file target36.tsv (TSV, C-alpha atoms)
chain	number	residue	atom	x	y	z
A	37	MET	CA	-4.22	44.09	23.06
A	38	THR	CA	-4.90	40.61	24.43
A	39	ALA	CA	-1.69	38.93	25.55
A	40	SER	CA	-0.84	36.44	28.28
A	41	ARG	CA	1.47	37.56	31.08
A	42	ARG	CA	4.16	34.94	30.61
A	43	LEU	CA	7.63	34.55	29.14
A	44	PRO	CA	7.73	33.73	25.42
A	45	THR	CA	8.58	30.14	24.57
A	46	ARG	CA	11.71	29.25	22.61
A	47	GLN	CA	9.59	28.56	19.52
A	48	GLU	CA	7.95	32.00	19.80
A	49	TRP	CA	11.30	33.74	20.24
A	50	ALA	CA	12.78	31.86	17.30
A	51	LEU	CA	9.82	32.80	15.08
A	52	VAL	CA	9.80	36.44	16.17
A	53	VAL	CA	13.56	36.90	15.74
A	54	GLY	CA	13.65	34.96	12.46
A	55	THR	CA	10.81	36.88	10.78
A	56	SER	CA	12.21	40.19	12.06
A	57	LEU	CA	15.65	39.44	10.60
A	58	VAL	CA	14.11	38.55	7.24
A	59	ALA	CA	12.09	41.78	7.31
A	60	LEU	CA	15.21	43.77	8.24
A	61	LEU	CA	17.23	42.33	5.37
A	62	ALA	CA	14.41	42.90	2.88
A	63	ALA	CA	13.89	46.49	4.06
A	64	TRP	CA	17.63	47.21	3.96
A	65	TRP	CA	17.80	45.94	0.40
A	66	LEU	CA	14.79	48.05	-0.69
A	67	PHE	CA	15.62	51.11	1.42
A	68	ALA	CA	16.91	53.10	-1.54
A	69	TRP	CA	13.81	52.48	-3.67
A	70	LEU	CA	10.87	52.60	-1.23
A	71	ALA	CA	9.38	55.35	0.86
A	72	LEU	CA	9.35	54.95	4.64
A	73	ALA	CA	5.61	54.19	4.74
A	74	ASN	CA	6.06	51.39	2.20
A	75	LEU	CA	8.97	49.94	4.14
A	76	SER	CA	6.70	49.65	7.17
A	77	LEU	CA	4.60	47.11	5.25
A	78	ILE	CA	7.60	44.75	5.20
A	79	PHE	CA	7.80	44.80	9.01
A	80	LEU	CA	4.01	44.51	9.24
A	81	THR	CA	4.28	41.31	7.19
A	82	ALA	CA	6.64	39.88	9.83
A	83	VAL	CA	4.07	40.65	12.53
A	84	LEU	CA	1.32	38.98	10.53
A	85	ALA	CA	3.50	35.91	9.97
A	86	CYS	CA	3.97	35.57	13.74
A	87	ALA	CA	0.24	36.02	14.32
A	88	VAL	CA	-0.68	33.32	11.80
A	89	LEU	CA	2.00	30.85	12.86
A	90	ALA	CA	2.12	31.37	16.64
A	91	GLY	CA	-0.81	33.51	17.79
A	92	SER	CA	-1.50	36.96	19.22
A	93	TYR	CA	1.17	36.84	21.96
A	94	ALA	CA	3.98	36.26	19.45
A	95	ALA	CA	2.45	38.98	17.25
A	96	PHE	CA	2.52	41.41	20.19
A	97	ILE	CA	6.22	40.77	20.82
A	98	SER	CA	6.94	40.96	17.09
A	99	ALA	CA	5.14	44.30	16.81
A	100	LEU	CA	7.25	45.81	19.59
A	101	LEU	CA	10.51	44.38	18.25
A	102	ASN	CA	9.85	45.48	14.66
A	103	PHE	CA	8.82	48.93	15.88
A	104	VAL	CA	12.25	49.31	17.53
A	105	ILE	CA	14.08	47.91	14.46
A	106	PHE	CA	12.10	50.18	12.13
A	107	ASN	CA	12.81	53.21	14.31
A	108	VAL	CA	16.50	52.55	14.90
A	109	GLY	CA	17.40	51.42	11.42
A	110	PHE	CA	15.25	53.53	9.09
A	111	THR	CA	14.37	56.88	10.68
A	112	GLU	CA	16.68	59.81	11.21
A	113	PRO	CA	18.83	60.02	13.23
A	114	TYR	CA	19.81	56.45	12.40
A	115	PHE	CA	20.77	53.97	15.15
A	116	SER	CA	18.85	56.00	17.70
A	117	LEU	CA	15.35	55.82	19.22
A	118	ALA	CA	14.96	59.54	18.65
A	119	VAL	CA	12.93	60.77	15.65
A	120	ALA	CA	13.95	63.99	13.95
A	121	GLU	CA	11.03	64.52	11.56
A	122	ARG	CA	7.34	64.75	12.45
A	123	GLU	CA	6.26	62.75	9.37
A	124	GLN	CA	8.53	59.89	10.34
A	125	LEU	CA	7.13	59.94	13.88
A	126	VAL	CA	3.59	59.76	12.51
A	127	THR	CA	4.61	56.83	10.27
A	128	LEU	CA	6.16	55.02	13.23
A	129	LEU	CA	3.10	55.53	15.42
A	130	PHE	CA	0.74	54.37	12.68
A	131	PHE	CA	2.93	51.33	12.12
A	132	LEU	CA	2.86	50.44	15.83
A	133	ILE	CA	-0.93	50.87	16.13
A	134	VAL	CA	-1.66	48.91	12.95
A	135	ALA	CA	0.83	46.17	13.86
A	136	LEU	CA	-0.69	45.73	17.35
A	137	VAL	CA	-4.31	45.76	16.14
A	138	VAL	CA	-3.87	43.63	13.04
A	139	GLY	CA	-1.54	41.21	14.83
A	140	ASN	CA	-4.03	40.84	17.66
A	141	ILE	CA	-7.01	40.31	15.35
A	142	THR	CA	-5.11	37.80	13.22
A	143	GLY	CA	-3.78	35.96	16.27
A	144	VAL	CA	-7.19	35.75	17.92
A	145	SER	CA	-8.71	34.54	14.65
A	146	ARG	CA	-6.02	31.85	14.47
A	147	GLU	CA	-6.70	30.76	18.05
A	148	ARG	CA	-10.45	30.60	17.39
A	149	MET	CA	-9.83	28.57	14.25
A	150	LEU	CA	-7.62	26.15	16.19
A	151	ALA	CA	-10.30	25.87	18.88
A	152	LEU	CA	-12.95	25.25	16.21
A	153	ASN	CA	-10.79	22.59	14.55
A	154	ALA	CA	-10.19	20.96	17.93
A	155	SER	CA	-13.94	20.97	18.55
A	156	ARG	CA	-14.60	19.43	15.15
A	157	LEU	CA	-11.91	16.82	15.77
A	158	ALA	CA	-13.48	15.97	19.12
A	159	GLU	CA	-16.90	15.67	17.46
A	160	GLU	CA	-15.44	13.43	14.75
A	161	GLN	CA	-13.73	11.25	17.33
A	162	GLU	CA	-16.97	11.01	19.27
A	163	ARG	CA	-18.84	10.09	16.08
A	164	LEU	CA	-16.30	7.38	15.31
A	165	ARG	CA	-16.46	6.14	18.91
A	166	SER	CA	-20.27	5.97	18.73
A	167	ALA	CA	-20.10	4.20	15.37
A	168	LEU	CA	-17.60	1.71	16.75
A	169	LEU	CA	-19.71	1.01	19.84
A	170	ALA	CA	-22.85	0.61	17.72
A	171	SER	CA	-21.05	-1.65	15.28
A	172	VAL	CA	-19.44	-3.74	18.02
A	173	SER	CA	-22.65	-4.10	20.04
A	174	HIS	CA	-24.67	-5.15	16.99
A	175	ASP	CA	-22.15	-7.41	15.34
A	176	LEU	CA	-21.12	-9.16	18.54
A	177	ARG	CA	-24.65	-9.56	19.81
A	178	THR	CA	-26.13	-11.01	16.61
A	179	PRO	CA	-23.90	-14.10	16.27
A	180	LEU	CA	-23.81	-14.55	20.04
A	181	ALA	CA	-27.61	-14.57	20.16
A	182	SER	CA	-27.68	-17.25	17.43
A	183	ILE	CA	-25.04	-19.33	19.21
A	184	ILE	CA	-26.85	-19.07	22.56
A	185	GLY	CA	-30.20	-19.90	20.93
A	186	SER	CA	-28.86	-22.97	19.14
A	187	ALA	CA	-26.95	-24.19	22.21
A	188	SER	CA	-30.03	-23.68	24.42
A	189	SER	CA	-32.15	-25.68	21.95
A	190	LEU	CA	-29.61	-28.51	21.99
A	191	ARG	CA	-29.67	-28.66	25.79
A	192	ALA	CA	-33.40	-28.19	26.38
A	193	LEU	CA	-34.81	-30.14	23.43
A	194	ASP	CA	-32.19	-32.86	23.01
A	195	PRO	CA	-34.57	-35.84	23.48
A	196	GLN	CA	-36.96	-34.50	20.85
A	197	LEU	CA	-34.34	-33.61	18.22
A	198	THR	CA	-33.49	-35.80	15.27
A	199	SER	CA	-29.91	-36.28	14.10
A	200	GLN	CA	-30.60	-33.85	11.24
A	201	ASP	CA	-31.90	-31.24	13.70
A	202	ARG	CA	-28.79	-31.58	15.86
A	203	PHE	CA	-26.55	-31.30	12.80
A	204	GLU	CA	-28.29	-28.11	11.66
A	205	LEU	CA	-28.05	-26.54	15.12
A	206	LEU	CA	-24.38	-27.46	15.45
A	207	ASP	CA	-23.72	-26.21	11.91
A	208	GLY	CA	-25.37	-22.92	12.84
A	209	ILE	CA	-23.23	-22.64	15.96
A	210	LEU	CA	-20.10	-23.31	13.91
A	211	ASN	CA	-21.01	-20.79	11.19
A	212	GLU	CA	-21.89	-18.06	13.69
A	213	SER	CA	-18.71	-18.77	15.68
A	214	GLU	CA	-16.63	-18.37	12.52
A	215	ARG	CA	-18.48	-15.17	11.69
A	216	LEU	CA	-17.79	-13.86	15.20
A	217	ASN	CA	-14.13	-14.83	14.88
A	218	ARG	CA	-13.82	-12.95	11.56
A	219	TYR	CA	-15.39	-9.86	13.06
A	220	ILE	CA	-13.04	-9.88	16.06
A	221	GLN	CA	-10.12	-10.37	13.66
A	222	ASN	CA	-11.29	-7.32	11.71
A	223	LEU	CA	-11.34	-5.27	14.91
A	224	LEU	CA	-7.81	-6.39	15.76
A	225	ASP	CA	-6.61	-5.64	12.23
A	226	MET	CA	-8.26	-2.23	12.36
A	227	THR	CA	-6.33	-1.45	15.55
A	228	ARG	CA	-3.05	-2.60	14.03
A	229	LEU	CA	-3.65	-0.53	10.90
A	230	GLY	CA	-4.50	2.54	12.97
A	231	HIS	CA	-1.32	2.25	15.02
A	232	GLY	CA	0.96	1.39	12.09
A	233	GLU	CA	1.79	-1.99	13.62
A	234	LEU	CA	0.89	-4.11	10.60
A	235	ALA	CA	4.12	-6.00	9.90
A	236	ILE	CA	4.54	-7.36	6.37
A	237	GLU	CA	6.19	-10.79	6.43
A	238	ARG	CA	6.29	-11.75	2.77
A	239	ASP	CA	6.21	-15.27	1.42
A	240	TRP	CA	5.49	-16.90	-1.93
A	241	ILE	CA	1.93	-18.04	-2.61
A	242	SER	CA	-0.13	-18.92	-5.67
A	243	VAL	CA	-3.50	-17.41	-6.46
A	244	ASP	CA	-5.03	-20.91	-6.39
A	245	ASP	CA	-3.89	-21.49	-2.80
A	246	LEU	CA	-4.94	-18.01	-1.74
A	247	VAL	CA	-8.46	-18.33	-3.13
A	248	ALA	CA	-8.87	-21.93	-1.93
A	249	SER	CA	-7.97	-20.94	1.62
A	250	ALA	CA	-10.36	-17.95	1.58
A	251	ARG	CA	-13.20	-20.11	0.19
A	252	LYS	CA	-12.57	-22.75	2.84
A	253	ARG	CA	-12.90	-20.17	5.61
A	254	LEU	CA	-16.19	-18.96	4.09
A	255	ALA	CA	-17.55	-22.39	3.22
A	256	GLY	CA	-20.75	-21.86	5.21
A	257	SER	CA	-21.42	-18.38	3.83
A	258	LEU	CA	-20.68	-19.30	0.19
A	259	THR	CA	-22.70	-22.56	0.10
A	260	PRO	CA	-25.92	-20.94	-1.21
A	261	PHE	CA	-24.08	-19.39	-4.19
A	262	ASN	CA	-22.58	-20.51	-7.46
A	263	VAL	CA	-18.93	-19.49	-7.07
A	264	GLN	CA	-16.89	-19.49	-10.27
A	265	GLN	CA	-13.15	-19.01	-10.69
A	266	VAL	CA	-11.84	-17.57	-13.95
A	267	TRP	CA	-8.10	-17.28	-14.61
A	268	ASP	CA	-5.24	-18.80	-16.53
A	269	SER	CA	-3.37	-21.72	-15.03
A	270	GLU	CA	0.01	-19.98	-15.49
A	271	LEU	CA	-0.41	-17.02	-13.19
A	272	PRO	CA	2.84	-15.99	-11.47
A	273	LEU	CA	3.35	-16.43	-7.74
A	274	LEU	CA	2.67	-13.48	-5.45
A	275	HIS	CA	5.30	-12.27	-2.96
A	276	VAL	CA	3.01	-11.05	-0.19
A	277	HIS	CA	2.00	-11.62	3.41
A	278	PRO	CA	-0.36	-14.56	2.72
A	279	ALA	CA	-2.53	-14.15	5.85
A	280	LEU	CA	-3.13	-10.44	5.25
A	281	VAL	CA	-4.01	-10.77	1.57
A	282	GLU	CA	-6.20	-13.76	2.37
A	283	GLN	CA	-8.04	-11.69	5.00
A	284	ALA	CA	-8.57	-8.91	2.45
A	285	LEU	CA	-10.03	-11.45	0.00
A	286	VAL	CA	-12.21	-12.98	2.74
A	287	ASN	CA	-13.65	-9.55	3.56
A	288	VAL	CA	-14.53	-8.91	-0.07
A	289	LEU	CA	-16.04	-12.38	-0.60
A	290	GLU	CA	-18.05	-12.14	2.61
A	291	ASN	CA	-19.38	-8.76	1.47
A	292	ALA	CA	-20.38	-10.27	-1.89
A	293	ALA	CA	-22.12	-13.19	-0.19
A	294	ARG	CA	-23.99	-10.93	2.21
A	295	PHE	CA	-25.71	-8.98	-0.54
A	296	SER	CA	-26.04	-11.47	-3.38
A	297	PRO	CA	-29.41	-13.19	-3.84
A	298	ALA	CA	-29.55	-16.86	-2.81
A	299	GLY	CA	-28.56	-19.04	-5.75
A	300	GLY	CA	-26.80	-16.10	-7.42
A	301	GLN	CA	-23.36	-16.16	-8.95
A	302	ILE	CA	-20.14	-14.86	-7.44
A	303	THR	CA	-17.18	-14.74	-9.81
A	304	ILE	CA	-13.53	-14.60	-8.77
A	305	SER	CA	-11.23	-13.68	-11.63
A	306	ALA	CA	-7.50	-13.06	-11.84
A	307	ALA	CA	-5.30	-11.54	-14.53
A	308	THR	CA	-1.81	-10.10	-14.88
A	309	ASP	CA	-0.79	-6.80	-16.43
A	310	LYS	CA	2.87	-7.32	-17.28
A	311	THR	CA	3.17	-3.76	-18.58
A	312	ALA	CA	2.18	-2.34	-15.20
A	313	SER	CA	3.74	-5.31	-13.37
A	314	ARG	CA	0.56	-5.92	-11.38
A	315	MET	CA	-1.90	-8.71	-10.74
A	316	THR	CA	-5.62	-8.02	-10.55
A	317	LEU	CA	-8.09	-10.03	-8.48
A	318	THR	CA	-11.74	-9.22	-9.13
A	319	VAL	CA	-14.76	-10.39	-7.14
A	320	SER	CA	-18.09	-9.80	-8.91
A	321	ASP	CA	-21.53	-10.37	-7.40
A	322	GLY	CA	-25.16	-10.08	-8.43
A	323	GLY	CA	-26.25	-7.82	-5.59
A	324	PRO	CA	-28.02	-4.44	-5.80
A	325	GLY	CA	-24.73	-2.64	-6.49
A	326	ILE	CA	-23.13	0.46	-5.00
A	327	PRO	CA	-24.25	3.95	-6.11
A	328	HIS	CA	-21.57	5.74	-8.08
A	329	ASP	CA	-21.24	8.57	-5.56
A	330	LEU	CA	-20.58	6.11	-2.71
A	331	ARG	CA	-17.91	3.99	-4.39
A	332	GLU	CA	-15.08	5.79	-2.64
A	333	GLN	CA	-16.84	6.20	0.69
A	334	VAL	CA	-17.45	2.44	1.08
A	335	PHE	CA	-13.73	2.04	1.81
A	336	GLU	CA	-13.86	4.47	4.73
A	337	MET	CA	-13.83	3.11	8.27
A	338	PHE	CA	-17.34	2.64	9.75
A	339	PHE	CA	-19.12	3.92	6.65
A	340	THR	CA	-22.41	2.11	6.15
A	341	GLY	CA	-24.76	3.37	3.46
A	342	ASN	CA	-28.45	2.59	3.48
A	343	ASP	CA	-28.55	1.34	-0.09
A	344	GLY	CA	-26.81	-1.20	-2.26
A	345	ASP	CA	-23.98	-3.40	-1.15
A	346	ARG	CA	-23.35	-1.44	2.03
A	347	SER	CA	-26.75	-1.50	3.73
A	348	LEU	CA	-27.27	-1.54	7.48
A	349	HIS	CA	-26.24	-5.20	7.50
A	350	GLY	CA	-22.62	-4.15	6.97
A	351	THR	CA	-20.21	-3.18	9.76
A	352	GLY	CA	-18.22	-0.62	7.80
A	353	LEU	CA	-14.96	-2.44	8.56
A	354	GLY	CA	-14.39	-5.12	5.94
A	355	LEU	CA	-13.65	-3.04	2.86
A	356	ALA	CA	-11.76	-0.39	4.84
A	357	ILE	CA	-9.46	-3.06	6.26
A	358	CYS	CA	-9.12	-4.61	2.79
A	359	ARG	CA	-7.83	-1.27	1.46
A	360	GLY	CA	-5.41	-0.93	4.36
A	361	MET	CA	-4.00	-4.44	3.93
A	362	LEU	CA	-3.57	-4.12	0.17
A	363	GLY	CA	-2.17	-0.62	0.56
A	364	ALA	CA	0.47	-1.98	2.92
A	365	HIS	CA	1.63	-4.16	-0.01
A	366	GLY	CA	1.56	-1.27	-2.48
A	367	GLY	CA	-1.76	-2.47	-3.91
A	368	THR	CA	-5.16	-0.84	-4.45
A	369	VAL	CA	-8.85	-1.70	-4.26
A	370	THR	CA	-11.73	-0.03	-6.08
A	371	ALA	CA	-15.44	-0.64	-6.67
A	372	THR	CA	-17.12	-0.63	-10.09
A	373	ASP	CA	-20.24	-1.99	-11.77
A	374	GLY	CA	-20.50	-5.76	-12.03
A	375	PRO	CA	-20.65	-7.70	-15.30
A	376	ASP	CA	-23.19	-6.27	-17.76
A	377	GLY	CA	-23.79	-3.36	-15.39
A	378	HIS	CA	-25.41	-5.51	-12.70
A	379	GLY	CA	-24.14	-5.96	-9.15
A	380	THR	CA	-20.69	-4.89	-8.02
A	381	SER	CA	-17.12	-5.75	-8.92
A	382	ILE	CA	-14.43	-5.17	-6.30
A	383	ILE	CA	-11.08	-4.91	-8.10
A	384	MET	CA	-7.96	-5.61	-6.05
A	385	THR	CA	-4.47	-5.09	-7.45
A	386	LEU	CA	-1.12	-6.25	-6.11
A	387	PRO	CA	2.36	-5.54	-7.50
A	388	LEU	CA	4.13	-8.48	-9.09
A	389	PRO	CA	7.58	-9.37	-7.73
A	390	THR	CA	10.61	-8.06	-9.59
A	391	THR	CA	13.11	-10.39	-11.24
A	392	SER	CA	15.46	-10.10	-8.26
A	393	GLN	CA	12.64	-11.19	-5.92
A	394	GLU	CA	11.64	-14.27	-7.86
A	395	PRO	CA	12.30	-17.54	-6.04
A	396	HIS	CA	15.34	-19.55	-7.15
A	397	HIS	CA	15.14	-23.31	-7.38
A	398	GLU	CA	18.13	-25.49	-6.64
A	399	ASP	CA	19.10	-28.05	-9.24

call {"tool": "encode", "arguments": {"input": "target36.tsv", "output": "structure tokens"}}
result
Amino acid sequence: MTASRRLPTRQEWALVVGTSLVALLAAWWLFAWLALANLSLIFLTAVLACAVLAGSYAAFISALLNFVIFNVGFTEPYFSLAVAEREQLVTLLFFLIVALVVGNITGVSRERMLALNASRLAEEQERLRSALLASVSHDLRTPLASIIGSASSLRALDPQLTSQDRFELLDGILNESERLNRYIQNLLDMTRLGHGELAIERDWISVDDLVASARKRLAGSLTPFNVQQVWDSELPLLHVHPALVEQALVNVLENAARFSPAGGQITISAATDKTASRMTLTVSDGGPGIPHDLREQVFEMFFTGNDGDRSLHGTGLGLAICRGMLGAHGGTVTATDGPDGHGTSIIMTLPLPTTSQEPHHED
């Protein structure tokens, strides 16, 4: 029997005593109907429960305690450690041996399983850490390299540059700086989501204002595309945290722009489902699309597929953070085929405010 030489913890004592009492009550209730050998299985179950829930040491203590209870309470003479009949003695000894062996095996198996799970968790954490470092190093270095290159050209080649050249270099610096800022914001949001520190400060905002603000932030990235907005003019106001929902929309639009062909169309549509009391925002692009078997994985943190809308150009953060931000509002986000089966449509839903939440206007 493998057991540590230490005093049992309070949790182990509570488990051992609790399972033994339950076994005692069950055996007492069934004493008139079951043979002694069958009653031993009830106490063996208590030992197994301790092994599974607390390990081999608790199982060892439980085996000894249940052996005493079984002997004192169910063998003749009752309420004594003595055993009058040879068959009962054999039953007791078999019970003790089986309880010790099975409890030990089960407890050791549990401990090995816990160690294996801990090892797998450590490997997963290391994988996520490596993915984060790779993502951070790539996605910080790329815009920084562009900014440094453009700034160096402005300083070294200033006399030879035309006004148009300077404008293009400065525009590149501005666009890459905004891209870098969005990426850092995603990292901060990821940390807040992971620690449950994402506070929801709701305010009233229209879909028009929400989309206009997101498009303004992505003006440089969306310039090469034909962006269309499709929705009724009488959409209800949303009662959300405007900055968080805007960031979710920015992440989806930026993803659509990254993988759509130059000159392609990106469509932003909105609709209300009064039956379900939800509003749906859909962003559709003309990119290569997302394989059906990856449409759930694309919303996982640091997942970057090699095909479709999540190629190696993606960081694996944008859509995951989008799901977290919408989920904090009670909303959802899913990926489907784009219009006519081409490209991708990212469908975001948000609950509509109840009647009691609707804003009241003073006369």

call {"tool": "residues_near_point", "arguments": {"input": "target36.tsv", "point": "(-21.5, -17.3, 9.8)", "cutoff": "12 Å", "atoms": "only C-alpha atoms", "output": "ChimeraX atom specification"}}
result
/A:175-176,178-180,182-183,206-219,253-259,290,293-294

call {"tool": "residues_around", "arguments": {"input": "target36.tsv", "residues": "Asn287 of chain A", "least_positions_apart": "6", "cutoff": "8 Å", "atoms": "all atoms listed in the file", "output": "short mmCIF file (atom, residue, chain, number, x, y, z; two decimals) with C-alpha atoms, in the coordinates of the input"}}
result
data_model
loop_
_atom_site.label_atom_id
_atom_site.label_comp_id
_atom_site.auth_asym_id
_atom_site.auth_seq_id
_atom_site.Cartn_x
_atom_site.Cartn_y
_atom_site.Cartn_z
CA GLY A 354 -14.39 -5.12 5.94
CA LEU A 355 -13.65 -3.04 2.86
CA CYS A 358 -9.12 -4.61 2.79
#

call {"tool": "closest_residue", "arguments": {"input": "target36.tsv", "among": "A:Gln221, A:Asn291, A:Asp321, A:Ala284", "to": "Gln264 of chain A", "atoms": "all atoms listed in the file"}}
result
A:Asp321

call {"tool": "closest_residue", "arguments": {"input": "target36.tsv", "among": "A:Arg202, A:Arg191, A:Arg251, A:His378", "to": "Ser320 of chain A", "atoms": "all atoms listed in the file"}}
result
A:His378

call {"tool": "atom_distance", "arguments": {"input": "target36.tsv", "atom1": "atom CA of Ala187 of chain A", "atom2": "atom CA of Pro260 of chain A"}}
result
23.7 Å

call {"tool": "atom_distance", "arguments": {"input": "target36.tsv", "atom1": "atom CA of Ser305 of chain A", "atom2": "atom CA of Val319 of chain A"}}
result
6.6 Å

call {"tool": "atom_distance", "arguments": {"input": "target36.tsv", "atom1": "atom CA of Gly143 of chain A", "atom2": "atom CA of Val126 of chain A"}}
result
25.2 Å

call {"tool": "closest_residue", "arguments": {"input": "target36.tsv", "among": "A:Cys86, A:Ala73, A:Val276, A:Leu129", "to": "Val104 of chain A", "atoms": "all atoms listed in the file"}}
result
A:Leu129

call {"tool": "closest_residue", "arguments": {"input": "target36.tsv", "among": "A:Ser155, A:Thr372, A:Ser188, A:Thr45", "to": "Asp329 of chain A", "atoms": "only C-alpha atoms"}}
result
A:Thr372

call {"tool": "residues_near_point", "arguments": {"input": "target36.tsv", "point": "(7.3, 61.9, 6.5)", "cutoff": "10 Å", "atoms": "all atoms listed in the file", "output": "list in words"}}
result
Ala71, Leu72, Ala73, Thr111, Glu121, Arg122, Glu123, Gln124, Leu125, Val126, Thr127 and Leu128 of chain A

call {"tool": "residues_around", "arguments": {"input": "target36.tsv", "residues": "Gly377 of chain A", "least_positions_apart": "5", "cutoff": "12 Å", "atoms": "all atoms listed in the file", "output": "PyMOL selection string"}}
result
chain A and resi 320-328+372

call {"tool": "residues_around", "arguments": {"input": "target36.tsv", "residues": "Gly366 of chain A", "least_positions_apart": "2", "cutoff": "10 Å", "atoms": "only C-alpha atoms", "output": "ChimeraX atom specification"}}
result
/A:360-364,368,385-387

call {"tool": "axis_aligned_box", "arguments": {"input": "target36.tsv", "around": "segment 236-251 of chain A", "padding_each_side": "5 Å", "output": "AutoDock Vina command-line options"}}
result
--center_x -3.5 --center_y -14.6 --center_z 0.0 --size_x 29.5 --size_y 24.6 --size_z 22.9
